file model-v1.txt (compact mmCIF, C-alpha atoms and all ligand atoms)
# COMPACT_ATOMS: atom_id res chain seq x y z
CA MET L 4 96.91 71.41 69.27
CA SER L 5 98.54 72.55 72.51
CA GLY L 6 99.42 76.17 73.27
CA LYS L 7 102.66 77.62 74.48
CA SER L 8 104.16 77.12 77.91
CA LEU L 9 104.12 80.16 80.20
CA THR L 10 106.27 81.23 83.14
CA LEU L 11 104.28 83.08 85.80
CA GLY L 12 105.17 85.66 88.43
CA VAL L 13 102.35 85.87 90.98
CA PHE L 14 101.68 88.79 93.32
CA GLY L 15 99.84 87.66 96.47
CA PHE L 16 99.59 84.38 98.31
CA GLY L 17 96.37 85.04 100.21
CA CYS L 18 92.97 83.46 99.63
CA VAL L 19 93.19 83.51 95.81
CA GLY L 20 96.99 83.32 95.34
CA SER L 21 97.35 80.21 97.51
CA GLY L 22 94.24 78.78 95.81
CA LEU L 23 95.93 79.27 92.43
CA TYR L 24 99.08 77.51 93.66
CA GLU L 25 97.03 74.50 94.78
CA THR L 26 94.79 74.54 91.69
CA LEU L 27 97.83 74.46 89.39
CA ARG L 28 99.24 71.52 91.38
CA GLN L 29 96.00 69.55 91.22
CA SER L 30 94.80 70.32 87.70
CA ASN L 31 95.88 68.55 84.51
CA PHE L 32 96.91 71.87 83.00
CA LYS L 33 100.58 71.77 82.02
CA GLY L 34 100.80 75.09 80.17
CA ALA L 35 102.27 77.24 82.96
CA ASN L 36 104.55 77.13 85.96
CA ILE L 37 104.98 79.61 88.78
CA LYS L 38 108.53 80.93 89.04
CA ARG L 39 108.05 83.35 91.94
CA PHE L 40 105.49 84.79 94.34
CA CYS L 41 105.78 88.36 95.59
CA ILE L 42 104.13 88.92 98.97
CA ALA L 43 104.06 91.72 101.58
CA ASN L 44 105.08 90.00 104.79
CA PRO L 45 108.24 87.82 104.62
CA ASP L 46 107.63 86.26 108.06
CA LYS L 47 104.27 84.58 107.39
CA GLU L 48 104.22 80.80 107.18
CA ARG L 49 103.33 79.58 103.66
CA SER L 50 102.11 76.29 102.28
CA ALA L 51 104.73 76.45 99.50
CA PRO L 52 108.57 76.27 99.50
CA ASN L 53 110.29 79.40 100.96
CA ALA L 54 112.48 79.76 97.88
CA LEU L 55 109.41 80.71 95.84
CA PHE L 56 108.79 83.91 97.82
CA THR L 57 110.16 87.42 97.65
CA THR L 58 109.01 90.86 98.76
CA GLU L 59 110.83 92.59 95.88
CA ALA L 60 108.28 93.38 93.16
CA ASP L 61 110.97 94.10 90.57
CA GLU L 62 112.37 90.58 90.87
CA LEU L 63 109.20 89.52 89.05
CA LEU L 64 108.49 92.60 86.98
CA ASN L 65 112.02 92.81 85.52
CA ASP L 66 112.59 89.07 85.09
CA PRO L 67 112.85 88.42 81.33
CA GLU L 68 111.88 84.76 81.83
CA ILE L 69 108.47 85.70 83.29
CA ASP L 70 105.81 85.96 80.54
CA VAL L 71 102.75 86.62 82.70
CA ILE L 72 102.19 88.62 85.88
CA VAL L 73 99.25 87.32 87.89
CA GLU L 74 98.12 90.09 90.23
CA LEU L 75 96.21 88.81 93.30
CA ILE L 76 96.81 91.34 96.06
CA ASP L 77 94.33 93.18 98.26
CA ASN L 78 95.54 96.73 97.61
CA SER L 79 94.24 98.35 94.43
CA GLU L 80 96.74 101.28 94.39
CA ALA L 81 99.74 98.93 94.61
CA ALA L 82 98.01 96.64 92.09
CA TYR L 83 97.74 99.56 89.64
CA GLN L 84 101.52 100.12 89.83
CA ILE L 85 102.21 96.39 89.36
CA VAL L 86 99.81 95.88 86.46
CA THR L 87 100.82 98.97 84.48
CA LYS L 88 104.53 98.27 84.93
CA ALA L 89 104.04 94.63 83.91
CA LEU L 90 102.28 95.63 80.67
CA ARG L 91 104.96 98.23 79.91
CA ASN L 92 107.64 95.61 80.56
CA GLY L 93 106.10 93.42 77.85
CA LYS L 94 104.27 90.97 80.10
CA ALA L 95 100.70 89.75 79.85
CA VAL L 96 98.59 90.26 82.99
CA VAL L 97 95.89 88.28 84.76
CA THR L 98 94.10 89.96 87.67
CA ALA L 99 90.97 89.45 89.79
CA ASN L 100 91.00 93.00 91.15
CA LYS L 101 87.63 94.57 90.28
CA LYS L 102 88.34 97.90 92.01
CA LEU L 103 91.54 98.40 90.04
CA LEU L 104 89.81 97.47 86.78
CA ALA L 105 86.67 99.50 87.31
CA GLU L 106 88.60 102.61 88.32
CA HIS L 107 91.13 102.42 85.47
CA LEU L 108 89.36 100.52 82.70
CA GLN L 109 89.70 103.15 79.97
CA GLU L 110 93.40 103.58 80.68
CA LEU L 111 94.03 99.83 80.89
CA ILE L 112 92.32 99.25 77.55
CA ALA L 113 94.51 101.97 75.98
CA LEU L 114 97.62 100.50 77.59
CA GLN L 115 96.87 97.10 76.07
CA ASP L 116 96.74 98.73 72.63
CA GLU L 117 99.91 100.69 73.29
CA THR L 118 101.97 97.76 74.62
CA GLY L 119 100.38 94.97 72.61
CA GLN L 120 100.08 92.98 75.86
CA PRO L 121 96.74 91.56 77.05
CA ILE L 122 95.12 91.78 80.47
CA LEU L 123 92.51 89.16 81.38
CA TYR L 124 90.23 89.29 84.43
CA GLU L 125 87.51 86.64 84.46
CA GLY L 126 87.78 86.31 88.28
CA ALA L 127 87.01 90.01 88.81
CA ALA L 128 83.24 89.77 88.22
CA ALA L 129 81.23 86.99 89.90
CA ALA L 130 84.47 84.99 90.45
CA SER L 131 83.83 81.45 89.20
CA ILE L 132 80.99 82.37 86.82
CA PRO L 133 82.44 82.60 83.30
CA ILE L 134 80.61 85.78 82.37
CA ILE L 135 83.20 88.14 80.89
CA ARG L 136 84.53 85.90 78.14
CA ASN L 137 80.97 84.81 77.36
CA LEU L 138 79.79 88.41 76.99
CA GLU L 139 82.80 89.12 74.82
CA GLU L 140 82.67 85.98 72.63
CA TYR L 141 79.50 83.93 72.92
CA TYR L 142 77.15 86.92 72.96
CA ASP L 143 79.25 88.85 70.49
CA ASN L 144 76.59 88.97 67.78
CA ASP L 145 73.47 88.69 69.89
CA LEU L 146 71.53 91.88 70.52
CA LEU L 147 71.83 91.97 74.28
CA ARG L 148 68.97 93.60 76.16
CA GLU L 149 69.97 93.16 79.77
CA VAL L 150 72.59 91.74 82.10
CA SER L 151 71.60 91.61 85.75
CA GLY L 152 72.83 89.75 88.74
CA ILE L 153 73.68 89.17 92.34
CA LEU L 154 77.32 90.15 92.16
CA ASN L 155 78.32 90.40 95.80
CA GLY L 156 78.34 87.37 98.09
CA SER L 157 78.70 89.22 101.43
CA THR L 158 75.57 91.32 100.94
CA ASN L 159 73.67 88.29 99.70
CA PHE L 160 74.66 86.41 102.85
CA ILE L 161 73.58 89.33 105.05
CA LEU L 162 70.21 89.69 103.27
CA SER L 163 69.58 85.94 103.64
CA ALA L 164 70.37 86.27 107.38
CA ILE L 165 67.98 89.25 107.87
CA GLU L 166 65.13 87.26 106.34
CA ASP L 167 64.76 85.31 109.56
CA GLY L 168 63.92 88.51 111.44
CA GLY L 169 67.40 89.65 112.48
CA THR L 170 68.75 93.18 112.19
CA PHE L 171 71.30 94.35 109.65
CA ASP L 172 73.98 94.78 112.37
CA ALA L 173 73.50 91.25 113.73
CA ALA L 174 73.59 89.77 110.21
CA LEU L 175 76.78 91.68 109.39
CA GLU L 176 78.42 90.47 112.59
CA LEU L 177 77.52 86.88 111.69
CA ALA L 178 78.87 87.32 108.15
CA GLN L 179 82.15 88.63 109.55
CA LYS L 180 82.39 85.79 112.07
CA LEU L 181 81.93 83.22 109.31
CA GLY L 182 84.45 84.96 107.02
CA PHE L 183 81.90 86.06 104.39
CA ALA L 184 82.43 89.79 105.02
CA GLU L 185 85.59 91.90 105.35
CA SER L 186 86.45 93.55 108.68
CA ASP L 187 85.80 96.82 106.77
CA PRO L 188 82.61 95.86 104.92
CA THR L 189 81.85 99.34 103.53
CA LEU L 190 82.63 98.57 99.89
CA ASP L 191 80.31 95.55 100.04
CA VAL L 192 77.32 96.80 102.03
CA ASP L 193 77.24 100.23 100.40
CA GLY L 194 77.04 98.60 96.97
CA TRP L 195 80.47 99.67 95.64
CA ASP L 196 81.83 96.18 95.09
CA ALA L 197 78.78 95.22 93.01
CA LYS L 198 79.21 98.50 91.11
CA PHE L 199 82.86 97.74 90.29
CA LYS L 200 81.75 94.43 88.80
CA LEU L 201 78.86 96.03 86.91
CA THR L 202 81.30 98.58 85.46
CA ILE L 203 83.30 95.69 83.99
CA LEU L 204 80.18 93.90 82.70
CA LEU L 205 78.93 97.10 81.03
CA ALA L 206 82.12 97.29 78.95
CA HIS L 207 81.80 93.72 77.72
CA ALA L 208 78.00 93.62 77.35
CA PHE L 209 77.40 96.99 75.70
CA GLY L 210 80.81 98.51 74.96
CA ILE L 211 80.20 101.29 77.50
CA VAL L 212 83.14 102.37 79.67
CA VAL L 213 82.17 104.59 82.61
CA GLU L 214 83.62 105.57 85.95
CA PRO L 215 82.08 103.51 88.77
CA SER L 216 80.88 106.80 90.28
CA ASP L 217 78.73 107.34 87.15
CA ILE L 218 76.58 104.32 88.07
CA PRO L 219 73.84 105.15 90.60
CA HIS L 220 73.76 102.83 93.59
CA VAL L 221 71.95 102.18 96.85
CA GLY L 222 73.40 99.81 99.45
CA ILE L 223 71.72 97.44 101.89
CA THR L 224 72.50 99.11 105.23
CA ARG L 225 68.98 100.42 105.73
CA ILE L 226 67.12 97.22 104.93
CA SER L 227 64.92 96.64 107.98
CA PRO L 228 63.05 93.56 109.30
CA GLN L 229 59.84 95.40 108.24
CA VAL L 230 60.98 95.49 104.61
CA GLN L 231 61.80 91.80 104.82
CA ARG L 232 58.34 91.17 106.26
CA ILE L 233 56.72 92.93 103.31
CA ALA L 234 58.85 90.85 100.94
CA ASN L 235 57.66 87.68 102.71
CA GLU L 236 54.01 88.75 102.47
CA ARG L 237 54.45 89.30 98.73
CA ARG L 238 56.28 85.98 98.36
CA GLU L 239 59.32 87.87 97.13
CA ARG L 240 62.87 88.24 98.46
CA VAL L 241 65.14 91.27 98.75
CA LYS L 242 68.41 90.89 96.82
CA LEU L 243 71.11 93.43 95.95
CA VAL L 244 70.88 93.45 92.16
CA GLY L 245 73.26 95.11 89.73
CA LYS L 246 71.67 95.61 86.36
CA CYS L 247 72.55 97.16 83.02
CA TRP L 248 70.18 97.23 80.08
CA ARG L 249 69.58 98.76 76.71
CA GLU L 250 66.54 100.54 75.30
CA ASP L 251 67.15 101.32 71.66
CA LYS L 252 70.48 103.24 71.67
CA LYS L 253 70.33 104.15 75.35
CA VAL L 254 72.10 102.08 78.00
CA PHE L 255 71.19 102.28 81.70
CA ALA L 256 72.74 100.78 84.84
CA HIS L 257 72.25 100.77 88.58
CA VAL L 258 72.82 98.74 91.73
CA ILE L 259 69.92 98.66 94.18
CA PRO L 260 68.24 96.26 96.64
CA THR L 261 65.39 94.74 94.67
CA PHE L 262 62.26 92.69 95.41
CA VAL L 263 62.74 89.49 93.43
CA THR L 264 59.77 87.23 92.64
CA GLN L 265 59.84 83.44 93.01
CA GLU L 266 59.78 83.07 89.23
CA ASP L 267 63.04 85.02 88.90
CA GLU L 268 66.17 82.84 88.88
CA LEU L 269 67.92 85.26 91.25
CA ASN L 270 65.33 84.48 93.96
CA GLN L 271 67.02 81.21 94.84
CA VAL L 272 70.61 82.46 94.85
CA GLU L 273 71.69 82.01 98.46
CA ASN L 274 74.48 83.25 100.70
CA GLU L 275 77.88 83.76 99.04
CA VAL L 276 76.68 82.34 95.73
CA ASN L 277 76.34 84.76 92.77
CA GLY L 278 73.92 84.62 89.85
CA VAL L 279 73.87 86.41 86.51
CA VAL L 280 70.98 86.63 84.05
CA VAL L 281 71.73 87.53 80.43
CA GLU L 282 68.91 88.44 78.08
CA GLY L 283 69.56 88.58 74.36
CA ALA L 284 67.22 89.05 71.43
CA PHE L 285 68.23 85.64 70.02
CA SER L 286 69.55 83.57 72.93
CA GLN L 287 66.73 84.98 75.11
CA ARG L 288 66.99 84.54 78.87
CA GLN L 289 69.93 82.60 80.28
CA PHE L 290 71.08 82.13 83.84
CA PHE L 291 74.53 81.50 85.30
CA ARG L 292 75.01 80.58 88.93
CA GLY L 293 78.15 79.82 90.91
CA LYS L 294 80.45 80.74 93.76
CA GLY L 295 81.13 84.48 93.70
CA ALA L 296 84.09 84.25 96.06
CA GLY L 297 86.44 81.80 97.70
CA SER L 298 89.89 80.41 97.18
CA PHE L 299 89.32 77.64 94.62
CA PRO L 300 86.32 79.13 92.77
CA THR L 301 88.20 82.39 92.13
CA ALA L 302 91.44 80.54 91.32
CA ALA L 303 89.47 78.52 88.75
CA ALA L 304 88.71 81.72 86.84
CA VAL L 305 92.34 82.86 87.12
CA LEU L 306 93.51 79.46 85.86
CA SER L 307 91.15 79.71 82.93
CA ASP L 308 92.65 83.11 82.00
CA ILE L 309 96.19 81.72 82.23
CA SER L 310 95.16 78.84 80.01
CA ALA L 311 93.60 81.28 77.51
CA LEU L 312 96.92 83.14 77.32
CA THR L 313 98.65 79.95 76.15
CA TYR L 314 96.72 80.31 72.90
CA ASP L 315 97.14 84.10 72.75
CA TYR L 316 93.58 84.97 73.71
CA ARG L 317 92.89 88.65 74.41
CA TYR L 318 89.72 90.69 74.83
CA GLU L 319 89.09 92.60 71.64
CA TYR L 320 86.49 94.87 73.28
CA LYS L 321 84.50 94.36 70.10
CA LYS L 322 81.39 96.19 71.28
CA LEU L 323 83.43 99.15 72.45
CA ASN L 324 84.76 99.51 68.94
CA ARG L 325 81.45 98.73 67.25
CA GLU L 326 78.59 100.28 69.26
CA LYS L 327 79.84 103.84 69.13
CA ASP L 328 76.38 105.42 69.06
CA PHE L 329 75.18 103.87 72.36
CA GLU L 330 74.55 106.53 74.97
CA PHE L 331 74.91 105.87 78.72
CA VAL L 332 72.09 107.40 80.79
CA ASN L 333 72.40 107.56 84.57
CA ASP L 334 69.49 109.71 85.62
CA HIS L 335 66.54 107.54 84.73
CA SER L 336 63.51 106.90 86.91
CA ILE L 337 62.60 103.59 88.52
CA TRP L 338 59.71 102.02 90.41
CA VAL L 339 60.61 101.73 94.04
CA HIS L 340 59.45 101.04 97.58
CA VAL L 341 60.78 103.72 99.96
CA SER L 342 60.26 103.11 103.68
CA GLY L 343 61.23 104.44 107.08
CA ASN L 344 59.89 104.94 110.57
CA ASN L 345 58.74 108.52 110.21
CA ARG L 346 54.99 108.21 109.71
CA ASP L 347 54.26 111.92 109.43
CA VAL L 348 56.29 113.01 106.42
CA LEU L 349 56.37 110.50 103.62
CA PRO L 350 58.66 111.91 100.91
CA LEU L 351 55.90 112.08 98.32
CA TYR L 352 57.36 115.33 96.89
CA ALA L 353 60.35 113.40 95.50
CA PHE L 354 58.22 111.03 93.38
CA GLU L 355 57.12 111.45 89.78
CA GLU L 356 54.19 109.12 90.38
CA VAL L 357 52.82 107.49 93.55
CA VAL L 358 50.84 104.23 93.51
CA ASN L 359 50.81 103.13 97.16
CA THR L 360 51.27 104.67 100.57
CA PHE L 361 51.12 103.10 104.02
CA ARG L 362 51.47 104.67 107.47
CA SER L 363 51.69 103.06 110.91
CA PRO L 364 53.40 104.13 114.15
CA GLU L 365 56.37 101.82 113.47
CA HIS L 366 56.74 101.81 109.74
CA SER L 367 55.62 103.82 106.74
CA TYR L 368 56.24 103.50 103.06
CA VAL L 369 55.50 104.92 99.67
CA GLU L 370 55.69 103.13 96.33
CA GLY L 371 55.97 104.78 92.97
CA ARG L 372 58.24 106.06 90.26
CA ILE L 373 61.15 108.28 91.18
CA GLY L 374 64.23 109.76 89.50
CA LEU L 375 67.40 108.00 90.64
CA ARG L 376 69.06 111.22 91.78
CA ASN L 377 66.11 111.97 94.10
CA LEU L 378 66.15 108.40 95.35
CA ILE L 379 69.84 108.50 96.23
CA ASN L 380 69.38 111.79 98.08
CA LEU L 381 66.52 110.28 100.05
CA SER L 382 68.49 107.21 101.04
CA LYS L 383 71.65 109.23 101.88
CA GLU L 384 70.19 112.20 103.66
CA GLY L 385 66.69 111.26 104.67
CA ASN L 386 67.30 107.92 106.37
CA TRP L 387 64.88 106.25 103.97
CA SER L 388 65.42 102.72 102.80
CA ALA L 389 64.91 101.99 99.10
CA VAL L 390 64.08 98.72 97.39
CA ALA L 391 63.28 98.53 93.67
CA LEU L 392 59.95 96.89 92.93
CA SER L 393 59.98 93.52 91.21
CA SER L 394 59.64 93.44 87.45
CA ALA L 395 56.26 91.71 87.93
CA ALA L 396 54.95 94.59 90.07
CA VAL L 397 56.31 97.15 87.60
CA SER L 398 54.58 95.53 84.62
CA GLN L 399 51.34 95.53 86.60
CA PHE L 400 51.64 99.27 87.35
CA GLU L 401 52.55 100.01 83.76
CA LYS L 402 49.61 97.98 82.49
CA GLN L 403 47.31 99.92 84.86
CA ASN L 404 48.76 103.20 83.60
CA ASN L 405 48.22 102.27 79.99
CA LEU L 406 44.61 101.28 80.71
CA GLU L 407 43.97 104.61 82.43
CA LEU L 408 45.53 106.48 79.53
CA ALA L 409 43.43 104.51 77.03
CA ASN L 410 40.26 105.44 78.95
N1 LIG L 501 88.85 86.29 98.07
C1 LIG L 501 87.94 86.14 97.11
O1 LIG L 501 87.04 85.31 97.21
C2 LIG L 501 88.03 86.97 95.85
C3 LIG L 501 87.06 86.77 94.85
C4 LIG L 501 87.15 87.53 93.67
C5 LIG L 501 88.18 88.45 93.53
N2 LIG L 501 89.08 88.63 94.55
C6 LIG L 501 90.16 89.61 94.36
O2 LIG L 501 91.40 88.94 94.36
C7 LIG L 501 92.40 89.75 94.93
C8 LIG L 501 93.07 89.01 96.08
O3 LIG L 501 92.12 88.77 97.09
P1 LIG L 501 92.44 87.79 98.31
O4 LIG L 501 91.13 87.53 98.96
O5 LIG L 501 93.27 86.65 97.87
O6 LIG L 501 93.31 88.74 99.27
P2 LIG L 501 94.04 88.31 100.60
O7 LIG L 501 93.64 86.96 101.06
O8 LIG L 501 93.89 89.45 101.56
O9 LIG L 501 95.58 88.22 100.18
C9 LIG L 501 96.28 89.34 99.73
C10 LIG L 501 97.70 88.94 99.39
O10 LIG L 501 98.33 90.08 98.81
C11 LIG L 501 99.63 90.24 99.40
N3 LIG L 501 99.99 91.64 99.25
C12 LIG L 501 99.35 92.74 99.71
N4 LIG L 501 99.97 93.87 99.30
C13 LIG L 501 101.03 93.46 98.53
C14 LIG L 501 102.04 94.12 97.80
N5 LIG L 501 102.09 95.46 97.75
N6 LIG L 501 102.95 93.39 97.13
C15 LIG L 501 102.91 92.04 97.15
N7 LIG L 501 101.95 91.34 97.81
C16 LIG L 501 101.04 92.04 98.50
C17 LIG L 501 99.46 89.75 100.81
O11 LIG L 501 100.73 89.42 101.32
P3 LIG L 501 100.94 88.72 102.74
O12 LIG L 501 100.46 87.30 102.55
O13 LIG L 501 102.39 88.79 102.97
O14 LIG L 501 100.10 89.50 103.70
C18 LIG L 501 98.55 88.53 100.60
O15 LIG L 501 99.31 87.41 100.26
C19 LIG L 501 91.69 91.06 95.34
O16 LIG L 501 91.80 92.00 94.31
C20 LIG L 501 90.25 90.63 95.48
O17 LIG L 501 89.34 91.70 95.27
C21 LIG L 501 89.03 87.90 95.69

call {"tool": "encode", "arguments": {"input": "model-v1.txt", "output": "structure tokens", "more": "lines below"}}
Ligand SMILES: NC(=O)c1ccc[n+]([C@@H]2O[C@H](COP(=O)([O-])OP(=O)(O)OC[C@H]3O[C@@H](n4cnc5c(N)ncnc54)[C@H](OP(=O)(O)O)[C@@H]3O)[C@@H](O)[C@H]2O)c1
result
Amino acid sequence: MSGKSLTLGVFGFGCVGSGLYETLRQSNFKGANIKRFCIANPDKERSAPNALFTTEADELLNDPEIDVIVELIDNSEAAYQIVTKALRNGKAVVTANKKLLAEHLQELIALQDETGQPILYEGAAAASIPIIRNLEEYYDNDLLREVSGILNGSTNFILSAIEDGGTFDAALELAQKLGFAESDPTLDVDGWDAKFKLTILLAHAFGIVVEPSDIPHVGITRISPQVQRIANERRERVKLVGKCWREDKKVFAHVIPTFVTQEDELNQVENEVNGVVVEGAFSQRQFFRGKGAGSFPTAAAVLSDISALTYDYRYEYKKLNREKDFEFVNDHSIWVHVSGNNRDVLPLYAFEEVVNTFRSPEHSYVEGRIGLRNLINLSKEGNWSAVALSSAAVSQFEKQNNLELAN
């Protein structure tokens, strides 16, 4: 059975838009054709016929022949105008814009109900990794415990580069030179990009819709060669991990640099590659790995969404409608390694429990359990670097605690 044939209007002909054009030309998929591209700069040279391009958004948005608007631009405010107008004009939407989605998810879900038009966005979280539709469909009836992952390729590249002894600044410069990091890398290195993606995953994994600012996060800018050295000594690696999980009816989430053991699948996720671990009560632990950015890998996810629209697929947000008694908690405590170069005043006062301290003229650290709000204050105001302890280390501390309590 073949689906319907769709006419597309595409916004953007940059990395992903031009990738989609080429992917559609090379693939066997015959269910859609691009009628028009809308771009910002009419004078740029394009690898597609001139007649396909316009700078007039309404030529696409008001064209009754266009069934689907594919939004692939690099400006989330303009994208919001395009996407909402497209839905209101009776068009389905495909987008890869995680910032737009994370900041307006509640409203975009309501707008789909109101207009009856779907919006699909597989490329918006971990690009080529098919995680959103899997969370929505495949894991629909599993009792998910946790979804965690390396969701940002630029920071993963930078962390890999610091492992060889380099500084954060040198690693960032290299990432920019090689095209793995934006000229303004703030959203990536401060953890916001990973948080936007985690916001989307939370909705499909647990039916929780939050503002990205509700999810606590720590970025990678303070990761020092000393922290990397400690990771090496422990045969672990530092990765920026976004994680959401459920304990009974409570759902938690955060993004934080994390020590990852060799046994953890995320340990071997290198450079701009992403990895996602899903843990369900029935399926148990599963691991997805793939390119988290790039022209063709992201276009592959966009193409898959376009194909899904030919058979009228839409997200039903089943868990959002079903799991109404789940509660999102964002001030939990975690086990963490906090380090800096001030040997005299370790911030012990901020911890609920301390298990290790170390002081030397160059580098000092404290390890223990701390409330996330305290941790974020320390890393923002106190110049301290924070890395969550590996799950192996945490179970060891918890086992020790239980033994002490039992005695
Ligand atoms: N790049 C990736 O690997 C990747 C991965 C996952 C998700 N994404 C997401 O995909 C989207 C596109 O990213 P990209 O890397 O392809 O961006 P990009 O290479 O910077 O290209 C952006 C495109 O948008 C066009 N544009 C900007 N403002 C516009 C407007 N108001 N109206 C019409 N066109 C406009 C630009 O036009 P001109 O060509 O005329 O300048 C350009 O063609 C973003 O939301 C990004 O977060 C990207």

call {"tool": "atom_distance", "arguments": {"input": "model-v1.txt", "atom1": "atom CA of Glu74 of chain L", "atom2": "atom C6 of ligand LIG 501 (chain L)"}}
result
9.0 Å

call {"tool": "residues_near_ligand", "arguments": {"input": "model-v1.txt", "ligand": "ligand LIG 501 (chain L)", "cutoff": "7 Å", "atoms": "all atoms listed in the file", "output": "PyMOL selection string"}}
result
chain L and resi 14-20+41-45+47+58+60+75-79+81+99-101+126-127+130+295-298+301

call {"tool": "closest_residue", "arguments": {"input": "model-v1.txt", "among": "L:Ala311, L:Ala302, L:Leu205, L:Ala284", "to": "Leu146 of chain L", "atoms": "all atoms listed in the file"}}
result
L:Ala284

call {"tool": "closest_residue", "arguments": {"input": "model-v1.txt", "among": "L:Lys252, L:Arg237, L:Lys102, L:Lys88", "to": "Lys200 of chain L", "atoms": "all atoms listed in the file"}}
result
L:Lys102

call {"tool": "closest_residue", "arguments": {"input": "model-v1.txt", "among": "L:Leu104, L:Ala395, L:Ala128, L:Ile203", "to": "Val305 of chain L", "atoms": "only C-alpha atoms"}}
result
L:Ala128

call {"tool": "residues_around", "arguments": {"input": "model-v1.txt", "residues": "Asn324 of chain L", "least_positions_apart": "2", "cutoff": "12 Å", "atoms": "only C-alpha atoms", "output": "short mmCIF file (atom, residue, chain, number, x, y, z; two decimals) with C-alpha atoms, in the coordinates of the input"}}
result
data_model
loop_
_atom_site.label_atom_id
_atom_site.label_comp_id
_atom_site.auth_asym_id
_atom_site.auth_seq_id
_atom_site.Cartn_x
_atom_site.Cartn_y
_atom_site.Cartn_z
CA ILE L 112 92.32 99.25 77.55
CA ALA L 206 82.12 97.29 78.95
CA HIS L 207 81.80 93.72 77.72
CA PHE L 209 77.40 96.99 75.70
CA GLY L 210 80.81 98.51 74.96
CA ILE L 211 80.20 101.29 77.50
CA VAL L 212 83.14 102.37 79.67
CA TYR L 318 89.72 90.69 74.83
CA GLU L 319 89.09 92.60 71.64
CA TYR L 320 86.49 94.87 73.28
CA LYS L 321 84.50 94.36 70.10
CA LYS L 322 81.39 96.19 71.28
CA GLU L 326 78.59 100.28 69.26
CA LYS L 327 79.84 103.84 69.13
CA ASP L 328 76.38 105.42 69.06
CA PHE L 329 75.18 103.87 72.36
#

call {"tool": "residues_around", "arguments": {"input": "model-v1.txt", "residues": "segment 182-195 of chain L", "least_positions_apart": "2", "cutoff": "7 Å", "atoms": "only C-alpha atoms", "output": "JSON list (two decimals) with C-alpha atoms, in the frame of the given file"}}
result
[["chain", "number", "residue", "atom", "x", "y", "z"],
["L", 155, "ASN", "CA", 78.32, 90.40, 95.80],
["L", 157, "SER", "CA", 78.70, 89.22, 101.43],
["L", 158, "THR", "CA", 75.57, 91.32, 100.94],
["L", 178, "ALA", "CA", 78.87, 87.32, 108.15],
["L", 179, "GLN", "CA", 82.15, 88.63, 109.55],
["L", 180, "LYS", "CA", 82.39, 85.79, 112.07],
["L", 197, "ALA", "CA", 78.78, 95.22, 93.01],
["L", 198, "LYS", "CA", 79.21, 98.50, 91.11],
["L", 199, "PHE", "CA", 82.86, 97.74, 90.29],
["L", 220, "HIS", "CA", 73.76, 102.83, 93.59],
["L", 221, "VAL", "CA", 71.95, 102.18, 96.85],
["L", 222, "GLY", "CA", 73.40, 99.81, 99.45],
["L", 223, "ILE", "CA", 71.72, 97.44, 101.89],
["L", 224, "THR", "CA", 72.50, 99.11, 105.23],
["L", 258, "VAL", "CA", 72.82, 98.74, 91.73]]

call {"tool": "residues_around", "arguments": {"input": "model-v1.txt", "residues": "Gly34 of chain L", "least_positions_apart": "6", "cutoff": "9 Å", "atoms": "only C-alpha atoms", "output": "count of residues only"}}
result
9
